[in-house]
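Engineer: The following file, model38.txt, comprises compact mmCIF, C-alpha atoms:
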# COMPACT_ATOMS: atom_id res chain seq x y z
CA MET A 188 0.41 17.67 58.74
CA ASP A 189 -0.47 21.14 59.87
CA LEU A 190 0.80 21.78 63.40
CA VAL A 191 -2.40 23.37 64.59
CA LYS A 192 -4.36 20.45 63.24
CA LEU A 193 -2.07 18.03 65.04
CA GLN A 194 -2.44 19.90 68.28
CA ARG A 195 -6.19 19.93 67.93
CA GLN A 196 -6.14 16.23 67.20
CA LEU A 197 -4.11 15.57 70.31
CA VAL A 198 -6.41 17.58 72.55
CA ASP A 199 -9.47 15.82 71.17
CA TYR A 200 -7.89 12.42 71.49
CA ARG A 201 -6.70 13.02 75.00
CA ASP A 202 -10.12 14.36 76.01
CA SER A 203 -11.73 11.23 74.65
CA LEU A 204 -9.45 9.05 76.77
CA TYR A 205 -10.66 10.82 79.90
CA HIS A 206 -14.22 10.80 78.72
CA GLU A 207 -14.14 7.06 78.14
CA CYS A 208 -12.42 6.53 81.50
CA PHE A 209 -9.29 5.05 80.04
CA LEU A 210 -7.47 7.72 82.00
CA ASP A 211 -8.32 9.66 85.12
CA GLU A 212 -6.97 12.66 87.00
CA GLN A 213 -3.91 10.77 88.19
CA PHE A 214 -2.65 10.83 84.61
CA THR A 215 -3.12 14.59 84.61
CA GLN A 216 -1.10 14.72 87.80
CA LEU A 217 1.75 12.87 86.12
CA GLN A 218 1.72 15.27 83.20
CA GLU A 219 1.99 18.14 85.64
CA LEU A 220 5.11 16.61 87.10
CA GLN A 221 6.80 16.81 83.73
CA ASP A 222 8.81 19.87 82.78
CA GLU A 223 11.66 20.97 80.51
CA ASN A 224 14.16 19.33 82.85
CA ASN A 225 12.18 16.10 82.94
CA PRO A 226 10.54 16.04 79.51
CA ASP A 227 10.14 12.28 79.35
CA PHE A 228 8.78 11.67 82.80
CA VAL A 229 5.34 10.49 81.72
CA VAL A 230 6.67 8.20 79.02
CA GLU A 231 9.15 6.74 81.49
CA VAL A 232 6.56 6.04 84.15
CA VAL A 233 4.15 4.60 81.62
CA SER A 234 6.90 2.38 80.21
CA LEU A 235 7.50 1.01 83.69
CA PHE A 236 3.78 0.39 83.94
CA PHE A 237 3.82 -1.54 80.66
CA GLU A 238 6.75 -3.61 81.86
CA ASP A 239 5.17 -4.36 85.21
CA SER A 240 1.78 -5.15 83.74
CA GLU A 241 3.05 -7.60 81.17
CA ARG A 242 5.08 -9.39 83.77
CA LEU A 243 2.10 -9.57 86.09
CA LEU A 244 -0.27 -10.76 83.38
CA ASN A 245 2.16 -13.57 82.62
CA GLU A 246 2.41 -14.46 86.28
CA LEU A 247 -1.35 -14.44 86.58
CA THR A 248 -1.77 -16.69 83.59
CA LYS A 249 0.70 -19.16 85.03
CA ALA A 250 -0.79 -19.03 88.49
CA LEU A 251 -4.30 -19.70 87.21
CA GLU A 252 -3.08 -22.64 85.12
CA GLN A 253 -1.93 -24.49 88.20
CA GLN A 254 -3.69 -27.63 89.33
CA SER A 255 -4.05 -26.22 92.75
CA ILE A 256 -4.41 -22.49 92.48
CA ASP A 257 -2.75 -20.35 95.07
CA PHE A 258 -5.36 -17.61 95.33
CA LYS A 259 -3.27 -15.60 97.73
CA ARG A 260 -0.56 -15.40 95.15
CA VAL A 261 -3.04 -14.53 92.42
CA ASP A 262 -4.49 -11.83 94.63
CA ALA A 263 -1.05 -10.43 95.37
CA HIS A 264 -0.34 -10.05 91.66
CA VAL A 265 -3.70 -8.42 91.01
CA HIS A 266 -3.12 -6.09 93.92
CA GLN A 267 0.16 -5.00 92.36
CA LEU A 268 -1.44 -4.46 89.00
CA LYS A 269 -4.25 -2.50 90.58
CA GLY A 270 -1.71 -0.33 92.35
CA SER A 271 0.39 0.52 89.36
CA SER A 272 -2.60 1.16 87.12
CA SER A 273 -3.98 3.47 89.76
CA SER A 274 -0.66 5.29 90.00
CA ILE A 275 -0.66 6.18 86.33
CA GLY A 276 -4.37 6.84 86.10
CA ALA A 277 -5.34 3.81 84.02
CA GLN A 278 -8.79 3.74 85.50
CA ARG A 279 -10.40 0.94 83.56
CA VAL A 280 -7.53 -1.42 84.27
CA GLN A 281 -7.70 -0.49 87.92
CA LYS A 282 -11.43 -1.11 88.11
CA SER A 283 -11.16 -4.46 86.41
CA CYS A 284 -8.58 -5.43 89.02
CA ILE A 285 -11.00 -4.64 91.80
CA ALA A 286 -13.51 -7.12 90.41
CA PHE A 287 -10.71 -9.65 89.99
CA ARG A 288 -9.72 -9.38 93.63
CA ASN A 289 -13.27 -10.10 94.71
CA TYR A 290 -13.17 -13.38 92.80
CA CYS A 291 -9.83 -14.21 94.37
CA GLU A 292 -11.33 -13.71 97.76
CA GLU A 293 -14.16 -16.06 96.86
CA GLN A 294 -11.66 -18.49 95.35
CA ASN A 295 -13.81 -18.56 92.26
CA VAL A 296 -11.72 -19.98 89.43
CA GLU A 297 -14.10 -19.20 86.62
CA GLY A 298 -14.54 -15.70 87.87
CA CYS A 299 -10.81 -15.24 88.05
CA LEU A 300 -10.26 -16.54 84.55
CA THR A 301 -12.91 -14.24 83.15
CA CYS A 302 -11.42 -11.32 85.01
CA LEU A 303 -7.96 -12.12 83.77
CA GLN A 304 -9.26 -11.94 80.25
CA LEU A 305 -10.95 -8.66 80.96
CA VAL A 306 -7.93 -7.14 82.66
CA ARG A 307 -5.72 -8.21 79.80
CA GLN A 308 -8.13 -6.67 77.34
CA GLU A 309 -8.28 -3.41 79.21
CA TYR A 310 -4.55 -3.32 79.56
CA TYR A 311 -3.87 -3.76 75.86
CA LEU A 312 -6.52 -1.19 75.04
CA VAL A 313 -5.01 1.46 77.28
CA LYS A 314 -1.57 0.55 76.08
CA SER A 315 -2.47 1.18 72.47
CA LYS A 316 -4.27 4.39 73.42
CA LEU A 317 -1.29 5.69 75.33
CA GLU A 318 1.09 4.75 72.56
CA ALA A 319 -1.08 6.63 70.09
CA LEU A 320 -1.13 9.61 72.41
CA PHE A 321 2.64 9.62 72.77
CA LYS A 322 3.03 9.30 69.03
CA LEU A 323 0.89 12.36 68.49
CA GLU A 324 2.94 14.23 71.06
CA GLN A 325 6.12 13.23 69.29
CA GLN A 326 4.77 14.40 65.96
CA ILE A 327 3.92 17.77 67.42
CA LEU A 328 7.35 18.12 69.03
CA SER A 329 9.07 17.09 65.81
CA ALA A 330 7.09 19.70 63.94
CA GLY A 331 8.54 22.26 66.36
CA GLY A 332 5.34 22.75 68.29
CA SER A 333 4.53 22.39 71.95
CA ILE A 334 2.09 20.02 73.50
CA PRO A 335 -1.15 21.77 74.45
CA ILE A 336 -2.18 21.44 78.06
CA MET B 1094 -2.57 35.68 104.10
CA LYS B 1095 0.53 34.25 105.63
CA SER B 1096 2.00 35.07 108.97
CA LYS B 1097 5.72 35.50 109.22
CA ALA B 1098 5.90 32.23 111.08
CA LYS B 1099 4.14 30.60 108.18
CA HIS B 1100 6.70 32.03 105.81
CA TYR B 1101 9.32 29.91 107.48
CA SER B 1102 7.41 26.80 106.69
CA ARG B 1103 8.78 26.91 103.19
CA ILE B 1104 11.38 24.41 102.47
CA LYS B 1105 14.48 26.50 102.73
CA CYS B 1106 16.71 24.18 104.56
CA GLN B 1107 19.74 26.30 104.06
CA GLN B 1108 18.18 28.75 106.44
CA TRP B 1109 17.47 26.21 109.11
CA GLY B 1110 20.72 26.61 110.91
CA SER B 1111 20.62 30.37 111.16
CA PRO B 1112 20.30 31.61 114.71
CA VAL B 1113 18.70 34.76 113.36
CA TYR B 1114 16.02 32.62 111.83
CA TYR B 1115 15.47 30.81 115.09
CA ILE B 1116 15.21 33.94 117.14
CA SER B 1117 12.97 35.63 114.60
CA PHE B 1118 10.74 32.64 114.48
CA LEU B 1119 10.48 32.40 118.21
CA LEU B 1120 9.38 36.00 118.40
CA PHE B 1121 6.26 35.01 116.55
CA LYS B 1122 5.39 32.05 118.63
CA THR B 1123 2.31 32.51 120.69
CA LYS B 1124 2.67 29.34 122.64
CA PHE B 1125 5.81 28.78 124.57
CA HIS B 1126 6.76 25.22 124.12
CA PRO B 1127 9.24 23.80 126.62
CA VAL B 1128 11.56 22.90 123.83
CA SER B 1129 11.62 26.48 122.58
CA GLY B 1130 13.62 27.51 125.58
CA ILE B 1131 16.23 25.00 124.61
CA LEU B 1132 16.09 26.17 121.01
CA LEU B 1133 16.55 29.75 122.06
CA GLU B 1134 19.53 28.83 124.14
CA MET B 1135 21.01 26.89 121.28
CA ALA B 1136 20.36 29.75 118.91
CA VAL B 1137 21.98 32.17 121.24
CA ASN B 1138 24.97 29.98 121.67
CA GLY B 1139 25.19 29.67 117.97
CA ALA B 1140 24.74 25.94 118.15
CA VAL B 1141 21.67 25.34 116.17
CA THR B 1142 19.78 22.37 115.10
CA TRP B 1143 16.30 21.64 113.98
CA LEU B 1144 16.75 17.96 114.42
CA ARG B 1145 17.06 16.32 117.78
CA ARG B 1146 19.96 14.24 116.56
CA ALA B 1147 22.57 16.93 116.70
CA GLY B 1148 25.62 14.85 115.82
CA GLU B 1149 26.84 16.58 112.72
CA MET B 1150 26.38 20.15 113.65
CA ASP B 1151 29.20 22.09 115.10
CA GLY B 1152 28.23 25.47 116.32
CA TYR B 1153 27.20 28.09 113.87
CA GLY B 1154 29.26 26.66 111.11
CA LEU B 1155 26.80 24.61 109.17
CA SER B 1156 27.91 21.21 108.06
CA ALA B 1157 27.33 20.33 104.44
CA SER B 1158 24.26 18.23 105.16
CA ASP B 1159 22.46 21.17 106.72
CA THR B 1160 22.56 23.20 103.60
CA GLU B 1161 21.15 20.33 101.63
CA GLU B 1162 17.55 19.55 101.15
CA VAL B 1163 15.35 17.42 103.34
CA HIS B 1164 16.40 13.84 102.81
CA VAL B 1165 13.57 11.40 102.37
CA LEU B 1166 13.89 7.65 102.33
CA ALA B 1167 11.12 6.31 100.11
CA VAL B 1168 10.24 2.63 100.35
CA ASP B 1169 8.03 0.88 97.80
CA ASP B 1170 8.22 -2.47 96.05
CA SER B 1171 6.51 -1.07 92.95
CA GLN B 1172 8.88 0.50 90.46
CA VAL B 1173 6.08 2.65 89.05
CA ASP B 1174 5.30 4.04 92.48
CA ARG B 1175 8.96 4.54 93.33
CA LYS B 1176 9.42 6.62 90.22
CA VAL B 1177 6.37 8.72 90.96
CA ILE B 1178 7.17 9.31 94.62
CA GLU B 1179 10.73 10.16 93.75
CA ARG B 1180 9.56 12.82 91.30
CA LEU B 1181 7.00 14.19 93.72
CA LEU B 1182 9.63 14.54 96.41
CA LYS B 1183 12.18 16.12 94.10
CA ILE B 1184 9.64 18.67 92.97
CA THR B 1185 9.11 19.45 96.63
CA SER B 1186 12.85 20.11 96.85
CA CYS B 1187 13.72 16.98 98.75
CA LYS B 1188 16.65 14.72 98.29
CA VAL B 1189 15.38 11.20 97.76
CA THR B 1190 16.72 7.72 98.33
CA ALA B 1191 14.28 5.18 96.97
CA VAL B 1192 14.52 1.52 97.96
CA ASP B 1193 12.37 -1.42 97.07
CA SER B 1194 11.89 -3.13 100.42
CA GLY B 1195 11.73 -2.67 104.16
CA ARG B 1196 14.89 -4.75 104.49
CA ARG B 1197 16.81 -2.42 102.25
CA ALA B 1198 15.44 0.55 104.13
CA LEU B 1199 16.77 -0.88 107.37
CA GLN B 1200 20.08 -1.62 105.73
CA PHE B 1201 20.29 1.94 104.54
CA LEU B 1202 19.60 3.20 108.02
CA GLY B 1203 22.07 0.73 109.49
CA LEU B 1204 19.34 -1.02 111.43
CA ASP B 1205 19.26 -4.40 109.79
CA ASP B 1206 19.52 -7.69 111.66
CA GLU B 1207 18.22 -6.03 114.77
CA LYS B 1208 21.49 -4.29 115.26
CA GLU B 1209 21.34 -0.72 116.35
CA ALA B 1210 23.36 1.70 114.30
CA SER B 1211 26.63 2.03 116.12
CA ASN B 1212 27.33 5.70 115.84
CA GLY B 1213 24.05 7.35 115.18
CA PHE B 1214 24.61 8.01 111.55
CA ASP B 1215 27.48 7.92 109.21
CA GLY B 1216 26.55 8.98 105.76
CA LEU B 1217 23.38 10.74 104.86
CA LYS B 1218 20.93 11.34 107.61
CA VAL B 1219 17.31 10.67 106.88
CA ASP B 1220 14.75 13.31 107.75
CA LEU B 1221 11.63 11.44 106.76
CA ILE B 1222 10.64 7.92 105.80
CA ILE B 1223 7.75 7.42 103.47
CA THR B 1224 6.80 3.81 102.95
CA ASP B 1225 4.24 1.67 101.22
CA TYR B 1226 2.21 -0.50 103.54
CA CYS B 1227 1.77 -3.65 101.46
CA MET B 1228 5.14 -5.03 100.55
CA PRO B 1229 6.36 -8.59 100.29
CA GLY B 1230 8.66 -9.64 103.11
CA MET B 1231 8.56 -6.77 105.53
CA THR B 1232 5.43 -4.63 105.43
CA GLY B 1233 5.48 -0.88 105.91
CA TYR B 1234 3.93 -1.43 109.31
CA GLU B 1235 6.76 -3.73 110.35
CA LEU B 1236 9.27 -1.20 109.09
CA LEU B 1237 7.50 1.50 111.06
CA LYS B 1238 7.75 -0.60 114.21
CA LYS B 1239 11.42 -1.27 113.71
CA VAL B 1240 12.14 2.40 113.24
CA LYS B 1241 10.12 3.39 116.29
CA GLU B 1242 11.81 0.73 118.41
CA SER B 1243 15.19 2.18 117.58
CA SER B 1244 16.56 4.69 120.04
CA VAL B 1245 18.56 6.28 117.25
CA PHE B 1246 15.90 6.53 114.58
CA ARG B 1247 12.59 6.67 116.37
CA GLU B 1248 12.34 10.42 116.02
CA ILE B 1249 12.35 10.19 112.26
CA PRO B 1250 8.80 10.81 111.09
CA VAL B 1251 7.35 7.88 109.18
CA VAL B 1252 4.52 8.26 106.70
CA ILE B 1253 2.62 5.25 105.43
CA MET B 1254 1.11 5.00 101.96
CA SER B 1255 -1.49 2.47 101.02
CA SER B 1256 -3.81 1.82 98.14
CA GLU B 1257 -6.28 0.51 100.65
CA ASN B 1258 -8.37 2.71 102.75
CA VAL B 1259 -8.89 0.49 105.78
CA ILE B 1260 -9.64 2.31 109.00
CA THR B 1261 -8.21 -0.34 111.27
CA ARG B 1262 -5.01 -0.28 109.26
CA ILE B 1263 -4.77 3.48 109.43
CA ASP B 1264 -5.39 3.48 113.16
CA ARG B 1265 -2.87 0.77 113.78
CA CYS B 1266 -0.19 2.72 111.95
CA LEU B 1267 -0.97 5.96 113.66
CA GLU B 1268 -0.95 4.24 117.03
CA GLU B 1269 2.41 2.75 116.27
CA GLY B 1270 3.75 6.24 115.70
CA ALA B 1271 3.21 6.96 112.03
CA GLU B 1272 3.08 10.63 111.32
CA ASP B 1273 0.52 10.39 108.61
CA PHE B 1274 -1.21 8.00 106.29
CA ILE B 1275 -1.74 8.66 102.61
CA VAL B 1276 -4.15 6.73 100.44
CA LYS B 1277 -2.65 6.08 97.02
CA PRO B 1278 -2.37 7.24 94.33
CA VAL B 1279 -0.09 9.84 95.85
CA LYS B 1280 -0.48 13.37 94.57
CA LEU B 1281 1.73 16.40 94.76
CA SER B 1282 -0.62 18.03 97.26
CA ASP B 1283 -0.16 15.03 99.59
CA VAL B 1284 3.59 15.30 99.49
CA LYS B 1285 3.54 19.06 99.96
CA ARG B 1286 1.28 18.67 102.93
CA ILE B 1287 3.52 16.06 104.50
CA ILE B 1288 6.67 18.11 104.04
CA ASP B 1289 5.02 21.28 105.29
CA CYS B 1290 3.67 19.52 108.36
CA MET B 1291 7.02 17.95 109.03
CA MET B 1292 8.77 21.30 108.92
CA THR B 1293 6.22 22.93 111.15
CA ASP B 1294 6.41 20.03 113.53
CA LEU B 1295 10.17 20.17 113.79
CA ARG B 1296 10.07 23.89 114.34
CA GLU B 1297 7.61 23.52 117.14
CA GLY B 1298 9.77 21.02 118.91
CA GLY B 1299 8.14 17.92 117.52
CA GLY B 1300 7.18 16.60 120.93
CA GLY B 1301 3.47 16.91 120.42
CA ARG B 1302 3.63 15.52 116.98
CA ARG B 1303 0.51 13.49 117.06
CA GLY B 1304 -1.56 16.60 117.25
CA ILE B 1305 -3.29 16.22 114.00
CA ASN B 1306 -3.27 13.05 112.05
CA LYS B 1307 -4.71 13.67 108.71
CA ARG B 1308 -5.82 11.03 106.39
CA LYS B 1309 -6.89 11.16 102.87
CA LEU B 1310 -9.87 8.98 102.39
CA ARG B 1311 -11.09 7.71 99.13
CA ASP B 1312 -13.29 4.75 98.41
CA ASP B 1313 -11.91 2.11 96.13
CA GLY B 1314 -14.01 1.70 93.07
CA GLU B 1315 -15.54 5.11 93.44
CA ASP B 1316 -15.96 6.83 90.15
CA ARG B 1317 -13.13 9.29 89.94
CA SER B 1318 -13.76 10.51 86.47
CA SER B 1319 -14.36 14.02 87.72
CA SER B 1320 -10.97 15.57 87.73
CA SER B 1321 -9.76 17.68 90.56
CA PRO B 1322 -8.19 21.00 89.64
CA PRO B 1323 -4.60 20.57 88.61
CA SER B 1324 -2.20 21.26 91.42
CA THR B 1325 0.22 24.05 90.77
CA LEU B 1326 3.86 23.32 90.63
CA SER B 1327 5.00 26.56 92.13
CA SER B 1328 7.26 25.99 95.06
CA SER B 1329 5.23 28.19 97.35
CA SER B 1330 3.66 26.45 100.26
CA SER B 1331 0.02 25.59 100.08
CA SER B 1332 -2.37 28.42 100.41
CA THR B 1333 -4.04 26.96 103.47
CA ALA B 1334 -2.35 26.34 106.78
CA PRO B 1335 -0.96 22.85 106.35
CA CYS B 1336 -1.85 21.47 109.71
CA SER B 1337 -5.00 23.38 110.41
CA PRO B 1338 -7.91 21.20 111.37
CA THR B 1339 -10.16 22.96 108.93
CA THR B 1340 -7.95 22.48 105.92
CA VAL B 1341 -9.54 20.59 103.12
CA ASP B 1342 -7.54 20.44 99.93
CA SER B 1343 -10.03 18.35 98.12
CA PRO B 1344 -13.34 16.79 98.92
CA THR B 1345 -11.60 13.55 99.74
CA ARG B 1346 -9.31 14.96 102.36
CA ARG B 1347 -10.59 14.52 105.88
CA LEU B 1348 -9.46 14.66 109.43
CA LYS B 1349 -9.47 12.01 112.06
CA MET B 1350 -12.98 10.76 112.04
CA THR B 1351 -15.62 11.25 114.59
CA SER B 1352 -16.72 8.04 116.27
CA PHE B 1353 -19.94 8.11 114.26
CA GLU B 1354 -18.04 8.16 111.01
CA GLU B 1355 -15.77 5.42 112.24
CA HIS B 1356 -18.81 3.32 112.93
CA VAL B 1357 -20.16 3.93 109.45
CA PHE B 1358 -16.86 3.18 107.74
CA SER B 1359 -16.09 0.13 109.78
CA ASN B 1360 -19.05 -1.54 108.14
CA LYS B 1361 -17.50 -1.11 104.73
CA LYS B 1362 -14.52 -3.06 103.57
Could you quickly redo this structure as structure tokens?
Structural biologist:
Amino acid sequence: MDLVKLQRQLVDYRDSLYHECFLDEQFTQLQELQDENNPDFVVEVVSLFFEDSERLLNELTKALEQQSIDFKRVDAHVHQLKGSSSSIGAQRVQKSCIAFRNYCEEQNVEGCLTCLQLVRQEYYLVKSKLEALFKLEQQILSAGGSIPI
Amino acid sequence: MKSKAKHYSRIKCQQWGSPVYYISFLLFKTKFHPVSGILLEMAVNGAVTWLRRAGEMDGYGLSASDTEEVHVLAVDDSQVDRKVIERLLKITSCKVTAVDSGRRALQFLGLDDEKEASNGFDGLKVDLIITDYCMPGMTGYELLKKVKESSVFREIPVVIMSSENVITRIDRCLEEGAEDFIVKPVKLSDVKRIIDCMMTDLREGGGGRRGINKRKLRDDGEDRSSSSPPSTLSSSSSSTAPCSPTTVDSPTRRLKMTSFEEHVFSNKK
């Protein structure tokens, strides 16, 4: 594909992610921390986020399956997920965690289960979006171009 | 418009030991701090130090650690956050040791098991500790207390980071001796501000360090879709005086609140 077209596609796609609140300015901040000496910084941080999130989603699923739910533990996991999503700018995941924590505080099982579903959904959405974004970036780099700011 | 004194607030640690630098700096001081007299004497004698723990320095000959960057001990249980803070600090020309718990931080300092470090410091000295508040096991607050209780390490500035903007928490940390409190997510401007303030503080003797406690306040759940202007990555210090009371880097950055504001915020969780 034409390099210019690819670059345009990337810019449009990335803009849409901000517009739809999948990403916020913290993601921009991460991109600004990347340079020629640290060209994979964003991918590395985001990979850690994926790793953390999947682990936490598993923990949450297990914790909410218990006979007697330890809401403190559930809350602790959600807090962690909220933190890491905030640190990479995954705004919708972060916001869904806030709602989740409220249900934990109320010890509302149904609420928690619904939120878990929502958080999981948001996570997998942003994951696929980010992977698509990185793929576009890779295509541009492979075509010898640079990633537009 | 930067004064000459301001120029020295850049992170150029290799210049720290220079007596010429000390004397030049002191010429621009308008306030004579009691410690400055000591600094001047030290500068004149050629025995210079910016840090009150003078162990490693021998006269004018700078030891290896003095020509190195500021060494920051970063403490956070989240691997995502550790990676980010590490990068932020490296961009700000700091050397970073990142650990995942308060326990490990104490071990690194040689303060674990309530034992005081025997000789001050062997190995790398730490110039700043930046720690997350909410951590399993030992919280950042507990780590702060341990550091401040230590006769050897209590002068090390400690900065707390938290995703939660809780006034009582912030106050508690500041009262316990925290230098500053950053609400996460941490940005480059936060780190630059911290490092700049730290440098200025050390230069001015550090005794009155609680002069200005700045907090970054941001409501959880607030719509942050409006992006702030991208911070520049140039290594120049921020364009506004780092510790000036009127500095506002972004709309969310505020000073210690007035009692009215405290009242308002204490009603929100």
Engineer: Please measure the separation of CA of Lys282 (chain A) and CA of Ala263 (chain A), giving the value in Å to one decimal.
Structural biologist: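 The value is 15.7 Å.
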Engineer: May I have the residues of chain A within 6 Å of chain B, counting all atoms listed in the file, written as a PyMOL selection string?
Structural biologist: chain A and resi 211-212+232+235+274
Engineer: Tell me, as a compact mmCIF listing (two decimals) with C-alpha atoms, in the frame of the given file, which residues lie within 7 Å of Ile275 (chain A), counting only C-alpha atoms; anything in the same chain fewer than 4 positions away does not count.
Structural biologist:
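File around.txt, as written:
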# COMPACT_ATOMS: atom_id res chain seq x y z
CA GLN A 213 -3.91 10.77 88.19
CA PHE A 214 -2.65 10.83 84.61
CA VAL A 233 4.15 4.60 81.62
CA SER A 271 0.39 0.52 89.36
Engineer: Extract, using all atoms listed in the file, all DNA, RNA and protein residues at most 9 Å from region 334-336 of chain A, discarding same-chain residues fewer than 3 positions from it, and format them as number ranges by chain.
Structural biologist: A: 194-195, 197-198, 218, 324-325, 327-328
Engineer: Quick one: distance from CA of Lys1218 (chain B) to CA of Phe228 (chain A) in Å, one decimal?
Structural biologist: 27.6 Å
Engineer: Hey, can you check how far CA of Arg201 (chain A) sits from CA of Val230 (chain A)?
Structural biologist: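 If I compute the distance from CA of Arg201 (chain A) to CA of Val230 (chain A), I get 14.8 Å.
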Engineer: What's around Leu303 (chain A) at 12 Å? Count only C-alpha atoms, leave out sequence neighbours fewer than 5 positions away in its own chain, and write the answer as a compact mmCIF listing (two decimals) with C-alpha atoms, keeping the file's coordinate frame.
Structural biologist:
# COMPACT_ATOMS: atom_id res chain seq x y z
CA SER A 240 1.78 -5.15 83.74
CA LEU A 243 2.10 -9.57 86.09
CA LEU A 244 -0.27 -10.76 83.38
CA ASN A 245 2.16 -13.57 82.62
CA GLU A 246 2.41 -14.46 86.28
CA LEU A 247 -1.35 -14.44 86.58
CA THR A 248 -1.77 -16.69 83.59
CA LYS A 249 0.70 -19.16 85.03
CA ALA A 250 -0.79 -19.03 88.49
CA LEU A 251 -4.30 -19.70 87.21
CA GLU A 252 -3.08 -22.64 85.12
CA VAL A 261 -3.04 -14.53 92.42
CA ASP A 262 -4.49 -11.83 94.63
CA HIS A 264 -0.34 -10.05 91.66
CA VAL A 265 -3.70 -8.42 91.01
CA LEU A 268 -1.44 -4.46 89.00
CA VAL A 280 -7.53 -1.42 84.27
CA SER A 283 -11.16 -4.46 86.41
CA CYS A 284 -8.58 -5.43 89.02
CA ILE A 285 -11.00 -4.64 91.80
CA ALA A 286 -13.51 -7.12 90.41
CA PHE A 287 -10.71 -9.65 89.99
CA ARG A 288 -9.72 -9.38 93.63
CA TYR A 290 -13.17 -13.38 92.80
CA CYS A 291 -9.83 -14.21 94.37
CA VAL A 296 -11.72 -19.98 89.43
CA GLU A 297 -14.10 -19.20 86.62
CA GLY A 298 -14.54 -15.70 87.87
CA GLN A 308 -8.13 -6.67 77.34
CA GLU A 309 -8.28 -3.41 79.21
CA TYR A 310 -4.55 -3.32 79.56
Engineer: Name all residues at most 10 Å from Tyr200 (chain A) (count all atoms listed in the file; drop same-chain ones fewer than 5 positions away) and give them as a list in words.
Structural biologist: Gln194, Arg195, Tyr205, His206, Lys316, Ala319, Leu320 and Leu323 of chain A
